[in-house]
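Note: the block below is run.txt and it holds compact mmCIF, C-alpha atoms and all ligand atoms.
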```txt
# COMPACT_ATOMS: atom_id res chain seq x y z
CA MET A 1 5.63 6.01 5.86
CA ALA A 2 4.77 8.91 3.63
CA PHE A 3 4.01 8.49 -0.04
CA PHE A 4 2.68 10.50 -2.90
CA CYS A 5 -0.52 10.62 -4.89
CA HIS A 6 0.11 8.90 -8.20
CA ARG A 7 -2.15 11.36 -9.94
CA CYS A 8 -1.25 14.81 -8.70
CA GLY A 9 1.89 14.12 -6.69
CA THR A 10 0.61 15.52 -3.40
CA GLY A 11 2.44 14.14 -0.37
CA LEU A 12 0.12 11.97 1.74
CA PRO A 13 0.42 10.47 5.20
CA GLY A 14 0.85 6.73 5.50
CA GLY A 15 -2.41 4.85 5.48
CA ALA A 16 -4.29 7.54 3.58
CA ARG A 17 -7.15 6.13 1.55
CA PHE A 18 -7.84 9.18 -0.58
CA CYS A 19 -5.70 11.99 -1.89
CA SER A 20 -6.46 15.14 0.11
CA ASN A 21 -5.85 17.28 -2.95
CA CYS A 22 -7.53 15.58 -5.91
CA GLY A 23 -9.58 12.86 -4.21
CA THR A 24 -7.96 9.97 -6.06
CA VAL A 25 -8.47 6.64 -4.32
CA ILE A 26 -5.10 5.46 -3.02
CA SER A 27 -4.60 1.79 -3.77
CA PRO A 28 -3.25 -0.29 -0.89
CA GLY A 29 0.21 -1.77 -0.89
CA PRO A 30 3.67 -0.31 -1.30
CA PRO A 31 3.53 2.87 -3.38
CA THR A 32 6.42 1.78 -5.57
CA ALA A 33 4.85 -1.55 -6.52
CA GLY A 34 3.62 -0.93 -10.04
CA ARG A 35 2.87 -4.59 -10.64
CA PRO A 36 3.13 -7.92 -8.85
CA LEU A 37 6.44 -9.71 -8.67
CA LEU A 38 6.41 -12.03 -11.63
CA ARG A 39 8.87 -13.21 -14.24
CA PRO A 40 7.58 -11.73 -17.51
CA HIS A 41 7.79 -13.61 -20.78
CA VAL A 42 8.42 -10.50 -22.82
CA GLY A 43 11.83 -8.89 -22.61
CA ARG A 44 13.50 -11.44 -20.40
CA GLN A 45 17.15 -12.32 -20.86
CA ILE A 46 17.54 -15.53 -18.89
CA ALA A 47 14.65 -16.34 -16.60
CA GLY A 48 13.11 -12.90 -16.24
CA VAL A 49 14.15 -12.50 -12.60
CA CYS A 50 15.86 -9.15 -13.16
CA LEU A 51 13.01 -7.91 -15.31
CA GLY A 52 10.39 -9.05 -12.81
CA LEU A 53 12.19 -7.40 -9.91
CA ALA A 54 12.65 -4.21 -11.89
CA GLN A 55 9.02 -4.00 -12.96
CA ALA A 56 7.68 -4.86 -9.52
CA ASN A 57 9.76 -2.16 -7.86
CA GLY A 58 9.77 0.46 -10.58
CA TRP A 59 13.51 0.09 -11.17
CA ASP A 60 15.41 0.42 -14.40
CA VAL A 61 15.83 -3.14 -15.67
CA ALA A 62 19.18 -2.29 -17.26
CA LEU A 63 20.43 -1.04 -13.89
CA VAL A 64 19.18 -4.18 -12.15
CA ARG A 65 20.99 -6.37 -14.68
CA ILE A 66 24.23 -4.41 -14.34
CA LEU A 67 24.07 -4.59 -10.56
CA THR A 68 23.32 -8.30 -10.76
CA VAL A 69 26.38 -8.93 -12.93
CA VAL A 70 28.61 -6.68 -10.80
CA CYS A 71 27.40 -8.32 -7.59
CA PHE A 72 27.94 -11.72 -9.18
CA PHE A 73 31.66 -11.05 -9.58
CA PHE A 74 32.06 -9.54 -6.12
CA SER A 75 29.95 -12.00 -4.16
CA GLY A 76 31.53 -15.20 -5.41
CA GLY A 77 28.36 -16.76 -6.71
CA LEU A 78 26.00 -15.63 -3.98
CA VAL A 79 24.00 -13.65 -6.52
CA ALA A 80 23.80 -16.72 -8.74
CA VAL A 81 22.25 -18.60 -5.83
CA ALA A 82 19.84 -15.70 -5.24
CA TYR A 83 19.01 -15.59 -8.94
CA ILE A 84 18.22 -19.29 -9.02
CA ALA A 85 16.16 -18.85 -5.85
CA GLY A 86 14.23 -16.09 -7.61
CA TRP A 87 13.90 -18.28 -10.69
CA VAL A 88 12.29 -20.98 -8.60
CA GLY A 89 10.48 -18.76 -6.11
CA ILE A 90 9.01 -16.04 -8.30
CA PRO A 91 5.94 -17.19 -10.18
CA GLU A 92 6.05 -17.10 -13.93
CA GLU A 93 3.88 -14.49 -15.54
CA SER A 94 0.86 -16.17 -17.00
CA ASP A 95 -2.50 -15.12 -18.34
CA THR A 96 -3.86 -18.60 -17.84
CA VAL A 97 -4.35 -18.11 -14.09
CA PRO A 98 -7.85 -16.66 -13.78
CA GLY A 99 -8.30 -13.89 -11.24
CA ALA A 100 -4.75 -14.04 -9.94
CA TYR A 101 -3.96 -10.47 -10.82
CA PRO A 102 -7.00 -8.80 -12.33
CA PRO A 103 -5.99 -5.90 -14.54
CA LYS A 104 -6.72 -2.45 -13.13
CA VAL A 105 -9.24 -0.65 -15.28
ZN ZN B 201 -3.92 13.62 -5.79
```
Target encoding structure tokens, full file:
Amino acid sequence: MAFFCHRCGTGLPGGARFCSNCGTVISPGPPTAGRPLLRPHVGRQIAGVCLGLAQANGWDVALVRILTVVCFFFSGGLVAVAYIAGWVGIPEESDTVPGAYPPKV
């Protein structure tokens, strides 16, 4: 799986540890994961599932919400079940959990 250096944009082979162009250390994990999957307190509409998914995957939260609503009407409630599953299954964003997700400096 190829991905790109987040600093200079050079295409890198999967598993690369350093950018071959600028030398930036490539952090492990999916390249699109900007942050862990959590339900944020700020900006949430219902339970923060859409917002959490959007932020974890780098999606547009407005797009995620629209798709969620559209899918809700076409799936006959399946999305509602998935949403509730996410509500229960996705941990709530909290700064009271020490060392869970140390901020990148
Ligand atoms: Zn680079």
Between chain A and ligand ZN 201 (chain B), at 7 Å or less, what are the per-residue closest atom pairs and their distances in Å? Count all atoms listed in the file, order by chain and rising residue number, and return it as CSV.
```
residue,atom,partner,partner_atom,distance
A:Cys5,CA,B:ZN201,ZN,4.6
A:His6,CA,B:ZN201,ZN,6.7
A:Arg7,CA,B:ZN201,ZN,5.0
A:Cys8,CA,B:ZN201,ZN,4.1
A:Gly9,CA,B:ZN201,ZN,5.9
A:Thr10,CA,B:ZN201,ZN,5.5
A:Cys19,CA,B:ZN201,ZN,4.6
A:Ser20,CA,B:ZN201,ZN,6.6
A:Asn21,CA,B:ZN201,ZN,5.0
A:Cys22,CA,B:ZN201,ZN,4.1
A:Gly23,CA,B:ZN201,ZN,5.9
A:Thr24,CA,B:ZN201,ZN,5.5
```
Find the residues around Thr68 of chain A up to 8 Å (all atoms listed in the file counted), leave out those fewer than 3 positions away in its own chain, and share them as a list in words.
Cys50, Val64, Arg65, Cys71, Phe72 and Val79 of chain A
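Between atom CA of Gly14 of chain A and atom CA of Ala56 of chain A the interatomic distance comes to 20.2 Å.
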How far is it from atom CA of Pro40 of chain A to atom CA of Val81 of chain A, in Å with one decimal?
20.0 Å
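Counting all atoms listed in the file and comparing A:Gly76, A:Pro36, A:Phe3, A:Leu53, the residue that lies closest to Gly15 of chain A is A:Phe3.
The gap separating atom CA of Val61 of chain A from atom CA of Ile26 of chain A is 25.9 Å, in Å to one decimal.
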